[in-house]
Structure formats: structure tokens, C-alpha cells
$ cat coords00.cif   # mmCIF, C-alpha atoms and all ligand atoms
data_query
#
loop_
_atom_site.label_atom_id
_atom_site.label_comp_id
_atom_site.auth_asym_id
_atom_site.auth_seq_id
_atom_site.Cartn_x
_atom_site.Cartn_y
_atom_site.Cartn_z
CA MET I 25 130.82 107.82 67.83
CA ARG I 26 132.35 107.13 71.21
CA ALA I 27 131.84 103.59 72.51
CA VAL I 28 132.02 102.30 76.08
CA ASP I 29 131.51 98.91 77.68
CA VAL I 30 128.53 99.89 79.81
CA PHE I 31 126.07 102.79 79.65
CA VAL I 32 123.95 103.34 82.77
CA VAL I 33 120.85 105.56 82.74
CA GLY I 34 120.17 107.09 86.16
CA ALA I 35 122.40 107.86 89.15
CA GLY I 36 120.13 106.67 91.97
CA PRO I 37 121.34 103.94 94.34
CA ALA I 38 120.89 101.22 91.69
CA GLY I 39 122.71 103.11 88.92
CA SER I 40 125.60 104.25 91.09
CA TYR I 41 126.16 100.88 92.69
CA VAL I 42 126.02 98.81 89.50
CA SER I 43 128.33 101.34 87.81
CA TYR I 44 130.78 101.02 90.70
CA ALA I 45 130.59 97.22 90.68
CA LEU I 46 131.32 97.02 86.94
CA ALA I 47 134.07 99.68 87.00
CA LYS I 48 135.75 97.71 89.81
CA ARG I 49 135.77 94.71 87.47
CA GLY I 50 137.72 96.76 84.93
CA PHE I 51 134.99 97.87 82.51
CA GLU I 52 134.60 101.35 81.06
CA VAL I 53 131.33 102.68 82.49
CA PHE I 54 129.45 105.88 81.61
CA MET I 55 126.54 106.96 83.84
CA ALA I 56 124.00 109.59 82.73
CA GLU I 57 121.82 111.49 85.22
CA LYS I 58 119.19 113.93 84.00
CA ARG I 59 119.10 115.98 87.20
CA PRO I 60 121.73 118.71 87.59
CA GLU I 61 122.64 117.40 91.04
CA VAL I 62 122.57 113.72 92.04
CA GLY I 63 119.95 112.97 94.73
CA VAL I 64 118.27 116.40 94.59
CA PRO I 65 115.41 116.90 95.23
CA VAL I 66 114.81 114.05 97.68
CA ARG I 67 111.75 111.92 96.94
CA CYS I 68 111.89 109.44 99.79
CA GLY I 69 110.98 108.67 103.40
CA GLU I 70 114.73 108.00 103.81
CA ALA I 71 114.40 104.87 105.96
CA ALA I 72 116.89 102.15 105.02
CA GLY I 73 118.56 99.04 106.41
CA SER I 74 120.86 98.67 109.42
CA LEU I 75 124.34 100.20 109.48
CA ALA I 76 125.83 96.74 108.92
CA GLU I 77 123.66 96.26 105.83
CA LEU I 78 124.55 99.70 104.49
CA GLU I 79 128.26 99.27 105.18
CA HIS I 80 128.24 96.32 102.84
CA PHE I 81 127.66 98.81 100.02
CA LEU I 82 129.68 101.87 101.04
CA PRO I 83 131.79 103.10 103.96
CA LEU I 84 129.62 104.63 106.69
CA SER I 85 129.69 108.39 107.13
CA ASP I 86 127.98 110.82 109.51
CA ASP I 87 127.45 112.98 106.45
CA TRP I 88 124.49 110.86 105.28
CA ILE I 89 123.38 109.13 108.51
CA ALA I 90 120.58 111.06 110.22
CA GLY I 91 120.21 108.53 113.04
CA PRO I 92 119.35 104.96 113.95
CA ILE I 93 115.92 103.36 113.82
CA ASP I 94 115.48 101.40 117.05
CA GLY I 95 112.10 99.81 116.57
CA ALA I 96 108.67 100.07 115.03
CA ARG I 97 105.08 100.64 116.06
CA LEU I 98 102.11 99.74 113.91
CA PHE I 99 98.72 101.31 114.68
CA GLY I 100 95.44 99.84 113.51
CA PRO I 101 92.39 102.00 112.73
CA SER I 102 90.87 101.67 116.22
CA GLY I 103 94.16 102.62 117.86
CA VAL I 104 95.17 99.02 118.59
CA ARG I 105 98.92 98.87 118.29
CA VAL I 106 101.88 96.57 118.15
CA GLU I 107 105.31 97.72 119.23
CA ARG I 108 108.71 96.16 118.77
CA HIS I 109 112.04 97.30 120.18
CA MET I 110 114.78 96.43 117.69
CA PRO I 111 117.88 98.56 118.37
CA GLY I 112 119.64 99.60 115.16
CA VAL I 113 117.27 97.62 112.93
CA GLY I 114 117.34 100.45 110.42
CA THR I 115 118.92 103.77 109.57
CA GLN I 116 117.37 107.12 108.81
CA LEU I 117 119.29 108.71 105.94
CA HIS I 118 119.94 112.10 104.47
CA ARG I 119 118.99 110.61 101.15
CA ASP I 120 120.47 113.37 98.97
CA ARG I 121 123.91 112.97 100.58
CA PHE I 122 123.57 109.18 100.56
CA ASP I 123 122.95 109.12 96.81
CA GLN I 124 125.84 111.55 96.32
CA ALA I 125 128.19 109.34 98.38
CA LEU I 126 127.26 106.33 96.23
CA ALA I 127 127.85 108.32 93.04
CA ARG I 128 131.19 109.57 94.38
CA GLN I 129 132.25 106.00 95.18
CA ALA I 130 131.44 105.08 91.57
CA VAL I 131 133.40 108.01 90.16
CA GLU I 132 136.39 107.16 92.36
CA ALA I 133 136.29 103.63 90.92
CA GLY I 134 136.60 105.14 87.43
CA VAL I 135 132.98 105.69 86.34
CA GLU I 136 132.37 108.72 84.13
CA LEU I 137 129.28 110.54 85.45
CA GLN I 138 127.52 113.25 83.45
CA THR I 139 124.68 115.14 85.14
CA SER I 140 122.03 117.17 83.26
CA LEU I 141 122.12 114.48 80.59
CA GLN I 142 118.68 113.18 79.72
CA ILE I 143 118.46 109.99 77.70
CA ASP I 144 115.61 110.04 75.18
CA SER I 145 115.92 106.81 73.22
CA VAL I 146 117.93 103.65 72.75
CA GLY I 147 118.67 101.74 69.57
CA ALA I 148 118.29 98.06 68.72
CA PHE I 149 120.98 95.57 69.69
CA GLU I 150 123.17 95.33 66.61
CA HIS I 151 126.89 94.96 65.87
CA GLY I 152 127.41 93.84 69.47
CA GLY I 153 125.97 96.88 71.18
CA ARG I 154 123.32 99.57 71.44
CA GLU I 155 123.26 103.24 70.58
CA VAL I 156 122.00 105.65 73.24
CA ARG I 157 120.63 109.10 72.36
CA GLY I 158 119.83 112.05 74.57
CA ARG I 159 120.38 115.72 75.16
CA ASN I 160 122.55 117.82 77.38
CA LEU I 161 120.17 119.93 79.45
CA ALA I 162 123.04 122.11 80.64
CA ALA I 163 123.98 123.02 77.06
CA ALA I 164 120.67 124.14 75.55
CA GLY I 165 119.67 120.54 74.81
CA ALA I 166 122.72 119.75 72.68
CA PRO I 167 122.29 116.27 71.17
CA PHE I 168 124.21 113.38 72.68
CA ARG I 169 125.02 109.95 71.22
CA MET I 170 127.11 107.08 72.47
CA ARG I 171 127.44 103.34 71.86
CA ALA I 172 127.71 100.71 74.56
CA ARG I 173 128.14 96.95 74.60
CA LEU I 174 125.67 96.83 77.48
CA LEU I 175 122.89 99.28 78.37
CA LEU I 176 121.51 99.38 81.91
CA GLY I 177 118.25 101.11 82.77
CA ALA I 178 118.45 102.32 86.38
CA ASP I 179 115.97 105.10 85.78
CA GLY I 180 113.59 104.47 88.66
CA VAL I 181 109.87 104.19 89.18
CA GLU I 182 108.57 105.25 85.76
CA SER I 183 111.50 103.78 83.81
CA LEU I 184 111.28 104.80 80.16
CA VAL I 185 114.30 102.68 79.32
CA GLY I 186 112.27 99.64 80.42
CA GLN I 187 109.42 100.71 78.15
CA TRP I 188 111.68 101.38 75.15
CA LEU I 189 113.20 97.94 75.60
CA GLY I 190 109.74 96.38 75.77
CA LEU I 191 110.41 94.93 79.22
CA ARG I 192 107.73 96.86 81.10
CA ARG I 193 104.76 99.18 80.57
CA ALA I 194 103.66 102.43 82.18
CA PHE I 195 101.81 101.61 85.41
CA PRO I 196 98.04 101.40 85.10
CA VAL I 197 95.92 103.11 87.79
CA GLY I 198 95.87 100.79 90.78
CA ASP I 199 99.47 99.66 90.48
CA VAL I 200 100.98 102.76 92.04
CA HIS I 201 100.43 104.49 95.35
CA SER I 202 100.22 108.24 95.33
CA ALA I 203 102.56 109.36 98.10
CA LEU I 204 103.00 112.70 99.77
CA GLN I 205 105.34 113.55 102.60
CA TYR I 206 106.05 116.61 104.76
CA LEU I 207 109.22 117.29 106.67
CA LEU I 208 107.83 118.59 109.97
CA ASP I 209 109.54 120.38 112.84
CA GLN I 210 108.64 120.26 116.54
CA VAL I 211 107.81 116.58 116.46
CA PRO I 212 107.70 115.48 120.12
CA ALA I 213 110.91 113.66 121.05
CA GLY I 214 110.45 110.00 121.85
CA LYS I 215 111.95 106.68 120.96
CA ARG I 216 113.62 106.53 117.56
CA TYR I 217 110.93 104.24 116.20
CA ILE I 218 109.25 104.27 112.84
CA ASP I 219 105.50 104.60 113.32
CA LEU I 220 103.09 103.19 110.75
CA TYR I 221 99.35 103.86 110.71
CA ALA I 222 96.92 101.72 108.72
CA GLY I 223 93.21 102.22 108.11
CA HIS I 224 90.81 103.61 105.55
CA ALA I 225 90.33 106.93 107.32
CA VAL I 226 94.09 107.53 107.45
CA ALA I 227 95.34 106.15 104.12
CA PRO I 228 93.02 103.93 102.07
CA GLY I 229 94.89 100.91 100.71
CA GLY I 230 98.17 102.19 102.08
CA TYR I 231 99.61 103.53 105.29
CA ALA I 232 100.92 106.68 106.91
CA TRP I 233 104.43 106.89 108.35
CA VAL I 234 106.36 108.98 110.84
CA PHE I 235 110.13 108.57 110.50
CA PRO I 236 112.16 110.68 112.97
CA LYS I 237 115.11 112.60 111.51
CA GLN I 238 117.24 115.05 113.52
CA ASN I 239 116.63 117.96 115.91
CA GLY I 240 112.93 117.31 116.40
CA THR I 241 112.18 116.92 112.70
CA ALA I 242 110.46 113.93 111.10
CA ASN I 243 109.36 112.72 107.68
CA VAL I 244 105.60 112.39 107.97
CA GLY I 245 103.88 111.01 104.91
CA LEU I 246 101.41 108.57 103.47
CA GLY I 247 100.61 106.62 100.38
CA VAL I 248 97.08 105.97 99.18
CA HIS I 249 96.01 103.30 96.74
CA VAL I 250 94.77 105.15 93.68
CA THR I 251 91.51 103.70 92.35
CA ALA I 252 88.60 105.16 90.45
CA LYS I 253 86.63 105.17 93.72
CA LEU I 254 89.11 107.33 95.63
CA ARG I 255 87.41 110.70 96.19
CA ARG I 256 90.11 112.56 98.13
CA SER I 257 93.75 113.26 97.31
CA ALA I 258 96.81 112.13 99.25
CA ARG I 259 97.17 115.77 100.34
CA ASP I 260 93.69 115.80 101.93
CA TYR I 261 94.54 112.69 103.91
CA LEU I 262 97.98 113.94 104.95
CA ASP I 263 96.65 117.33 106.04
CA ASP I 264 94.06 115.59 108.25
CA PHE I 265 96.74 113.31 109.68
CA VAL I 266 99.13 116.15 110.48
CA ARG I 267 96.41 118.43 111.89
CA THR I 268 95.33 115.78 114.40
CA ARG I 269 98.72 114.46 115.43
CA PHE I 270 101.18 117.33 114.99
CA PRO I 271 99.14 120.53 115.39
CA ASP I 272 102.17 122.60 116.47
CA SER I 273 104.50 121.53 113.67
CA ARG I 274 105.50 123.57 110.64
CA ILE I 275 105.99 122.08 107.18
CA LEU I 276 109.65 122.57 106.22
CA ASP I 277 109.60 120.61 102.98
CA VAL I 278 107.19 118.69 100.73
CA THR I 279 107.89 115.54 98.73
CA ALA I 280 105.49 113.90 96.30
CA GLY I 281 105.87 110.86 94.11
CA GLY I 282 104.59 107.53 92.95
CA VAL I 283 105.50 104.48 95.01
CA SER I 284 105.34 101.31 93.01
CA GLY I 285 104.44 97.90 94.36
CA PRO I 286 104.25 95.89 91.18
CA ARG I 287 104.71 92.19 90.59
CA SER I 288 108.13 90.99 89.43
CA LEU I 289 108.89 91.53 85.76
CA LYS I 290 108.69 88.55 83.50
CA SER I 291 112.08 89.56 82.23
CA MET I 292 114.56 92.15 83.51
CA VAL I 293 116.90 91.53 80.58
CA THR I 294 116.96 91.55 76.82
CA ASP I 295 119.78 91.37 74.27
CA GLY I 296 122.47 93.82 75.31
CA ALA I 297 120.41 95.45 78.08
CA ALA I 298 119.02 94.98 81.59
CA LEU I 299 117.00 96.85 84.21
CA VAL I 300 118.37 97.44 87.69
CA GLY I 301 116.65 98.78 90.83
CA GLU I 302 113.11 100.12 90.83
CA SER I 303 113.06 100.25 87.02
CA GLY I 304 113.29 96.43 87.19
CA HIS I 305 110.41 96.22 89.72
CA THR I 306 112.71 95.43 92.62
CA ASN I 307 110.82 97.42 95.30
CA ASN I 308 109.16 95.58 98.13
CA PRO I 309 105.58 95.47 96.79
CA PHE I 310 104.11 95.56 100.29
CA SER I 311 105.97 98.46 101.88
CA GLY I 312 107.07 100.25 98.70
CA GLY I 313 110.58 100.48 100.17
CA GLY I 314 113.28 100.16 97.57
CA ILE I 315 116.64 101.57 98.64
CA MET I 316 118.16 98.33 99.89
CA ASN I 317 116.51 96.33 97.11
CA ALA I 318 117.99 98.70 94.52
CA LEU I 319 121.46 98.13 95.98
CA GLU I 320 120.99 94.36 96.18
CA SER I 321 119.82 94.11 92.59
CA ALA I 322 122.78 96.28 91.53
CA GLU I 323 125.16 93.94 93.33
CA GLU I 324 123.71 90.87 91.62
CA ALA I 325 123.83 92.69 88.29
CA GLY I 326 127.48 93.58 88.89
CA VAL I 327 128.43 89.92 89.34
CA ALA I 328 126.33 88.32 86.60
CA LEU I 329 126.64 91.04 83.96
CA GLY I 330 130.35 91.43 84.68
CA GLU I 331 130.84 87.74 83.82
CA ALA I 332 128.76 88.12 80.63
CA LEU I 333 130.81 91.16 79.56
CA ARG I 334 134.04 89.30 80.23
CA ASP I 335 132.90 86.35 78.14
CA GLY I 336 131.60 88.63 75.38
CA ASP I 337 128.14 87.07 75.44
CA LEU I 338 125.47 89.73 75.94
CA SER I 339 122.53 87.71 74.67
CA ALA I 340 119.34 87.80 76.73
CA ARG I 341 119.88 84.13 77.50
CA ARG I 342 123.22 84.82 79.11
CA LEU I 343 122.08 87.98 80.94
CA ARG I 344 119.26 86.01 82.53
CA ASP I 345 121.78 84.80 85.13
CA TYR I 346 121.32 88.23 86.70
CA GLN I 347 117.58 87.72 87.03
CA LYS I 348 118.08 84.24 88.49
CA ARG I 349 120.41 85.63 91.16
CA TRP I 350 117.95 88.43 91.95
CA GLN I 351 115.02 86.04 92.21
CA ALA I 352 116.94 83.79 94.60
CA ARG I 353 118.07 86.69 96.78
CA VAL I 354 114.90 88.84 97.00
CA GLY I 355 112.58 88.37 94.03
CA ARG I 356 110.85 85.25 95.34
CA THR I 357 110.08 86.94 98.66
CA ASN I 358 108.82 89.96 96.74
CA ASP I 359 106.41 87.71 94.85
CA LEU I 360 104.90 86.68 98.17
CA PHE I 361 104.73 90.30 99.35
CA PHE I 362 102.90 91.16 96.13
CA LYS I 363 100.17 88.66 97.01
CA LEU I 364 99.97 89.89 100.59
CA ARG I 365 99.61 93.45 99.36
CA ASN I 366 96.66 92.49 97.19
CA LEU I 367 95.10 90.83 100.21
CA PHE I 368 95.71 93.92 102.35
CA PHE I 369 93.89 96.13 99.83
CA ARG I 370 90.77 94.05 100.40
CA PHE I 371 90.81 94.37 104.20
CA ASP I 372 88.22 96.58 105.85
CA ASP I 373 89.12 98.43 109.04
CA HIS I 374 87.98 95.58 111.33
CA GLU I 375 90.17 93.16 109.47
CA ILE I 376 93.16 95.47 109.68
CA ASP I 377 92.64 95.64 113.46
CA TRP I 378 92.49 91.85 113.60
CA ALA I 379 95.73 91.62 111.64
CA VAL I 380 97.40 94.06 114.03
CA GLU I 381 96.13 92.09 117.04
CA SER I 382 97.49 88.88 115.54
CA LEU I 383 100.76 90.63 114.90
CA GLN I 384 100.89 91.56 118.59
CA ARG I 385 100.66 87.92 119.53
CA VAL I 386 103.16 86.74 116.93
CA VAL I 387 105.65 89.45 117.85
CA ALA I 388 105.35 88.63 121.54
CA GLY I 389 106.25 85.04 120.77
CA VAL I 390 109.30 85.40 118.55
CA GLU I 391 112.84 86.58 118.95
CA GLN I 392 113.90 90.10 118.16
CA ASN I 393 114.63 90.81 114.50
CA ASN I 394 113.08 87.51 113.57
CA VAL I 395 109.49 88.22 112.65
CA ASP I 396 107.81 85.84 110.25
CA TYR I 397 105.55 88.19 108.32
CA THR I 398 103.76 85.47 106.44
CA GLY I 399 103.09 83.78 109.79
CA ILE I 400 101.28 86.92 110.88
CA PHE I 401 98.86 86.69 108.01
CA ARG I 402 98.46 82.98 108.48
CA SER I 403 97.53 83.30 112.14
CA ALA I 404 95.26 86.29 111.43
CA MET I 405 93.38 84.17 108.94
CA LEU I 406 93.10 81.18 111.26
CA GLU I 407 91.66 83.34 114.00
CA HIS I 408 89.29 85.14 111.66
CA PRO I 409 87.97 82.62 109.14
CA LYS I 410 86.15 85.33 107.16
CA LEU I 411 89.56 86.43 105.99
CA VAL I 412 90.23 83.05 104.42
CA LEU I 413 87.74 83.72 101.66
CA LYS I 414 89.29 87.07 100.88
CA ALA I 415 92.74 85.54 100.98
CA ALA I 416 91.70 82.81 98.62
CA ARG I 417 90.55 85.40 96.09
CA ALA I 418 93.62 87.57 96.49
CA LEU I 419 96.38 85.02 96.73
CA TRP I 420 95.41 82.50 94.09
C1 LIG N 501 107.46 109.47 98.73
C2 LIG N 501 108.38 108.28 98.69
C3 LIG N 501 108.88 107.76 99.87
C4 LIG N 501 109.73 106.66 99.84
N1 LIG N 501 110.26 106.23 101.01
C5 LIG N 501 111.14 105.19 101.02
C6 LIG N 501 111.78 104.79 102.24
O1 LIG N 501 111.58 105.37 103.31
N2 LIG N 501 112.64 103.73 102.19
C7 LIG N 501 112.91 103.06 101.01
O2 LIG N 501 113.69 102.10 101.02
N3 LIG N 501 112.34 103.46 99.84
C8 LIG N 501 111.49 104.51 99.81
N4 LIG N 501 110.95 104.93 98.62
C9 LIG N 501 111.32 104.23 97.38
C10 LIG N 501 112.77 104.57 96.96
O3 LIG N 501 112.93 105.97 96.93
C11 LIG N 501 113.10 103.96 95.61
O4 LIG N 501 112.74 102.60 95.63
C12 LIG N 501 114.59 104.07 95.26
O5 LIG N 501 114.95 105.41 95.07
C13 LIG N 501 114.91 103.27 94.00
O6 LIG N 501 116.25 103.49 93.64
P1 LIG N 501 116.68 103.44 92.09
O7 LIG N 501 118.13 103.71 92.05
O8 LIG N 501 116.15 102.22 91.47
O9 LIG N 501 115.87 104.65 91.40
P2 LIG N 501 115.92 106.21 91.71
O10 LIG N 501 116.46 106.49 93.05
O11 LIG N 501 114.56 106.72 91.38
O12 LIG N 501 116.96 106.75 90.64
C14 LIG N 501 116.63 106.87 89.26
C15 LIG N 501 117.48 108.00 88.67
O13 LIG N 501 117.35 107.98 87.26
C16 LIG N 501 117.27 109.31 86.78
N5 LIG N 501 116.64 109.27 85.47
C17 LIG N 501 115.36 108.89 85.19
N6 LIG N 501 115.13 108.95 83.86
C18 LIG N 501 116.29 109.37 83.28
C19 LIG N 501 116.67 109.63 81.92
N7 LIG N 501 115.81 109.46 80.91
N8 LIG N 501 117.95 110.05 81.68
C20 LIG N 501 118.82 110.23 82.71
N9 LIG N 501 118.50 110.00 84.01
C21 LIG N 501 117.26 109.57 84.29
C22 LIG N 501 116.45 110.02 87.86
O14 LIG N 501 116.61 111.42 87.82
C23 LIG N 501 117.00 109.38 89.14
O15 LIG N 501 118.08 110.09 89.68
C24 LIG N 501 110.09 106.04 98.61
C25 LIG N 501 109.58 106.56 97.40
C26 LIG N 501 108.74 107.68 97.44
C27 LIG N 501 108.23 108.24 96.15
#

$ encode --input "coords00.cif" --output "C-alpha cells"
Amino acid sequence: MRAVDVFVVGAGPAGSYVSYALAKRGFEVFMAEKRPEVGVPVRCGEAAGSLAELEHFLPLSDDWIAGPIDGARLFGPSGVRVERHMPGVGTQLHRDRFDQALARQAVEAGVELQTSLQIDSVGAFEHGGREVRGRNLAAAGAPFRMRARLLLGADGVESLVGQWLGLRRAFPVGDVHSALQYLLDQVPAGKRYIDLYAGHAVAPGGYAWVFPKQNGTANVGLGVHVTAKLRRSARDYLDDFVRTRFPDSRILDVTAGGVSGPRSLKSMVTDGAALVGESGHTNNPFSGGGIMNALESAEEAGVALGEALRDGDLSARRLRDYQKRWQARVGRTNDLFFKLRNLFFRFDDHEIDWAVESLQRVVAGVEQNNVDYTGIFRSAMLEHPKLVLKAARALW
């Protein structure tokens, strides 16, 4: 059986970037992607970090940049809003071409990428490695086997690799938002801001978004918190939202998916294996955004796991350096966002309006690009003591 240094499951941003990082360090890396074409179909609002942040991970290209994001507006249920001009704070992507550019960068660094290859199981860590089994969907399901010193699960939101390794479980109801998004045309031209709408009539336990793309198109979507009490589907809410705000637009494309906002994993690593990107619960639990987090976790994995491979120690103890680096860079902040998200779920519409009003005041008083999000919640709670009780229940 063929053996490689590293086997990566999934060619999303996390998989492609960690593959690239390890190939650059001289390791033989094989990356399997079950879809026939990397990045297709797109399941994303396509909003990511600034150009400077993106350029850290791959050379910029007009091919995958749809345009800048120059600010944000947040609307509360009563229409109260907060607006912030932040030129170039983010970038709207063509996510399919972005994922393909990352995969190409990996291949150019020496990574072997096989598409239409679905991984179905992984073996125990023995004889210094793991066996990976799958099937080639482009060849009538022909069986596939390979051995690797290190296995990386970068298989996204519902990661089966994480479940096979015993590092995570399938999400219970309540831990995932059901998200639906339309690509609309004839969206009135305006500032290149991302618009977010909160409130129980719009998106219970979540929010709706309008992210402008190109030529009068925009990604318009929402995520709702799925609970037993929820009587309507994400589609019902999105259709209402679009009918009221964009009555003249046509739906050019539809995207549906789960957006996770889970707490950090107890462990992202085990003997001879680790989880990278959303499979390792790296998404921002509050916003559900995960592109930049996937890349950042992949970068930390590249450094720490590269050192472990070089030293020939792939024990869970040694691989934990990766998790420590991730926690220091983003994970600890994510833990706070997880608590804030639980608090947000308990807000009624009045409380959401109060939070938006507080945000207005905080934003007016701080420098651009320097918003203290926890400060927003703190001041909202001080002004509205009723919130303190809810916060106490949610945060501790
Ligand atoms: C509707 C929606 C809107 C979103 N909007 C945004 C946004 O605007 N901004 C943002 O930052 N984030 C957004 N996200 C989240 C973001 O898309 C993810 O966090 C991000 O894609 C995570 O990257 P990843 O590389 O970890 O996983 P993924 O991009 O999901 O990549 C995982 C890859 O693994 C492959 N795979 C899975 N299982 C197997 C297997 N068994 N064998 C082989 N291959 C396999 C998949 O096909 C996939 O290509 C959104 C998500 C949804 C659903």
C-alpha cells in the first residue's frame, strides 16, 4: 500500500492551506476531495477578511475578488440601526475561485490532489501511521487505500473524520443554524457595506445578511436557530425578507447549509491525527464566519504539526502544540463569542434593540476598526439591568 507523510481529507480553505504549508516544509502530502470540482457548488456568503489579511495566505487576484467591503450596518427589529464606515475592512469573494486558487497554490507546492475521492473510514494509529479508506467516485466507486504518518480532517461542518477519531459528535439540534441564501440581481446600488438584520420576525436566534457582490447582485441570506419551537423554515423567513426589501429582484442562485457555532473542542488532536478548520470547531461561534479562521488554524497546524513530523513524534501529547497555538491566536476569543451567542439567543426583540442602541454609542466613541465587542455587551447590560440576569444564566 502506498504511504505518504500526510493525508488531508477535504480541499476547502483549511485543507488546501495546511497541505500547502506542510508541502512547503518538505513533506509528501496527499489531499482528497470528494467533490468533482474544488469549491463547487458554493455554500457561503463569501465575506472574508481585508485584502492585507487575505494576502498573507495567497497572492491577491482579481479572479476571486468580487469587491471590497467598506463598512457595516446593523439593524435592530424596530429599525434602529448602527452604521460604521470602515474602508476595506473586508473582501467579498468569488468563493469557488478562491478555493480553487488555494488548492492550486497547494498543488504548485507539490501537494497531490485527487478530486471525486470520498474518504469513508480511517484506521487506528499503529506502526507509526494510519490507514485511510475510501472510494473513487469518478471510477464507479473503485476502492481506495493509503497509509499516512499523519491524518488531517479538514472535512468541514459535519466532519465525519472528527467523529471516526472520537474527537467530536454530530451536532445536536440547537447547535447549528439552518442557513439559506439567494443570489439576487437588481439590488439597489449603494455603499459597499455588509448589512445585518437581527430580530425574531426576521431570523429567530440568528440574523439576515445582505452582502453586495458585482453588477447589482448580492448574497442575501439568513440563518435561524433551529429549536423544537421553531414553526417556520429558513426559506419562509428568507422569502418574507426578500419580498419586503427586494421586490424587483430575481433569484439567480440558491445556497443552503448548516452554519455551526459550537464551543471549542476539548481536543483537536489524537495520536497521528488532527482536525483543521471548521471540522475542528474553528468558526466564530457568534457570526458563523469561518473562512479566515480556517486559514488561521491551517497556518498554526502547518507550524506545529510540521515540527512534530520532523521530530517523528506524532503522539497526541506532541500534536497538542497545534491546539495551544490555535487557542492563543483565536480559540480563546471564540470561547467568549460562544458565551455571547448563548446570551444573544435569549434576547427578546426589545433587548436586541437595546443592544443595537448601545452599540451605536460604543461605535461613536471608538476609533475605526477598533470596536470592542465585549464592551458593547457590557454597556448594554449596565444600561439595561434586566439583561444582567439573563447574562448571568447564559455566561456562567
Ligand atoms: C450559508 C453559509 C454562509 C456562510 N457564509 C460565510 C461568510 O460569509 N464568511 C465566512 O467566513 N464564512 C461563511 N460560512 C462558513 C464557511 O463557509 C466555512 O466556515 C468554511 O468553508 C470552512 O472552511 P473549511 O476548509 O474548514 O471547510 P469546507 O470549506 O467546508 O471544506 C471541507 C471540504 O471537505 C470535503 N469533504 C467533506 N467530507 C469529505 C470526505 N469524506 N472525503 C473527501 N472530502 C470531503 C468537502 O467537500 C469540502 O470541500 C458560511 C457557511 C454557510 C453554510

$ closest_residue --input "coords00.cif" --among "I:His151, I:Arg255, I:Arg108, I:Arg171" --to "I:Asp29" --atoms "only C-alpha atoms"
I:Arg171

$ closest_residue --input "coords00.cif" --among "I:Val104, I:Leu364, I:Val181, I:Leu84" --to "I:Ala222" --atoms "all atoms listed in the file"
I:Val104

$ residues_near_ligand --input "coords00.cif" --ligand "ligand LIG 501 (chain N)" --cutoff "7 Å" --atoms "all atoms listed in the file" --output "PyMOL selection string"
chain I and resi 33-39+56-59+62-63+67-72+141-144+178-181+183-184+203-205+279-283+300-303+307+312-316+318

$ residues_near_point --input "coords00.cif" --point "(126.1, 100.2, 110.0)" --cutoff "10 Å" --atoms "all atoms listed in the file" --output "list in words"
Gly73, Ser74, Leu75, Ala76, Glu77, Leu78, Glu79, His80, Leu82, Pro83, Leu84, Ser85, Ile89, Pro92, Gly112, Val113, Gly114 and Thr115 of chain I

$ residues_near_point --input "coords00.cif" --point "(114.0, 90.9, 85.0)" --cutoff "9 Å" --atoms "all atoms listed in the file" --output "PyMOL selection string"
chain I and resi 191+288-294+298-300+304-306+344+346-348+350-351

$ write_last_selection --input "coords00.cif" --atoms "C-alpha atoms" --output "compact mmCIF listing (two decimals), in the coordinates of the input"
# COMPACT_ATOMS: atom_id res chain seq x y z
CA LEU I 191 110.41 94.93 79.22
CA SER I 288 108.13 90.99 89.43
CA LEU I 289 108.89 91.53 85.76
CA LYS I 290 108.69 88.55 83.50
CA SER I 291 112.08 89.56 82.23
CA MET I 292 114.56 92.15 83.51
CA VAL I 293 116.90 91.53 80.58
CA THR I 294 116.96 91.55 76.82
CA ALA I 298 119.02 94.98 81.59
CA LEU I 299 117.00 96.85 84.21
CA VAL I 300 118.37 97.44 87.69
CA GLY I 304 113.29 96.43 87.19
CA HIS I 305 110.41 96.22 89.72
CA THR I 306 112.71 95.43 92.62
CA ARG I 344 119.26 86.01 82.53
CA TYR I 346 121.32 88.23 86.70
CA GLN I 347 117.58 87.72 87.03
CA LYS I 348 118.08 84.24 88.49
CA TRP I 350 117.95 88.43 91.95
CA GLN I 351 115.02 86.04 92.21

$ closest_residue --input "coords00.cif" --among "I:Thr357, I:Asn239, I:Ser273, I:Ser102" --to "I:Asn308" --atoms "only C-alpha atoms"
I:Thr357

$ atom_distance --input "coords00.cif" --atom1 "atom CA of I:Met25" --atom2 "atom CA of I:Arg341"
27.8 Å

$ closest_residue --input "coords00.cif" --among "I:Pro271, I:Tyr221, I:Pro286, I:Arg342" --to "I:Pro101" --atoms "all atoms listed in the file"
I:Tyr221

$ closest_residue --input "coords00.cif" --among "I:Val28, I:Leu117, I:Val266, I:Ala297" --to "I:Glu52" --atoms "all atoms listed in the file"
I:Val28

$ residues_around --input "coords00.cif" --residues "stretch 215-217 of chain I" --least-positions-apart "2" --cutoff "6 Å" --atoms "only C-alpha atoms" --output "ChimeraX atom specification"
/I:93-96

$ write_last_selection --input "coords00.cif" --atoms "C-alpha atoms" --output "compact mmCIF listing (two decimals), in the frame of the given file"
# COMPACT_ATOMS: atom_id res chain seq x y z
CA ILE I 93 115.92 103.36 113.82
CA ASP I 94 115.48 101.40 117.05
CA GLY I 95 112.10 99.81 116.57
CA ALA I 96 108.67 100.07 115.03

$ closest_residue --input "coords00.cif" --among "I:Gly158, I:Gly91, I:Gly177, I:Gly245" --to "I:Val32" --atoms "all atoms listed in the file"
I:Gly177

$ atom_distance --input "coords00.cif" --atom1 "atom CA of I:Val200" --atom2 "atom CA of I:Val250"
6.9 Å

$ axis_aligned_box --input "coords00.cif" --around "stretch 343-346 of chain I" --padding-each-side "4 Å" --output "AutoDock Vina command-line options"
--center_x 120.7 --center_y 86.5 --center_z 83.8 --size_x 10.8 --size_y 11.4 --size_z 13.8

$ residues_around --input "coords00.cif" --residues "I:Phe149" --least-positions-apart "3" --cutoff "7 Å" --atoms "all atoms listed in the file" --output "PyMOL selection string"
chain I and resi 152-154+295-296

$ write_last_selection --input "coords00.cif" --atoms "C-alpha atoms" --output "mmCIF file, in the frame of the given file"
data_model
loop_
_atom_site.group_PDB
_atom_site.id
_atom_site.type_symbol
_atom_site.label_atom_id
_atom_site.label_comp_id
_atom_site.auth_asym_id
_atom_site.auth_seq_id
_atom_site.Cartn_x
_atom_site.Cartn_y
_atom_site.Cartn_z
ATOM 1 C CA GLY I 152 127.410 93.840 69.470
ATOM 2 C CA GLY I 153 125.970 96.880 71.180
ATOM 3 C CA ARG I 154 123.320 99.570 71.440
ATOM 4 C CA ASP I 295 119.780 91.370 74.270
ATOM 5 C CA GLY I 296 122.470 93.820 75.310
#

$ residues_around --input "coords00.cif" --residues "I:Phe51" --least-positions-apart "4" --cutoff "9 Å" --atoms "all atoms listed in the file" --output "list in words"
Val28, Asp29, Val30, Leu46, Ala47, Gly134, Val135, Gly330, Leu333 and Arg334 of chain I

$ atom_distance --input "coords00.cif" --atom1 "atom CA of I:Val131" --atom2 "atom CA of I:Ala352"
29.6 Å
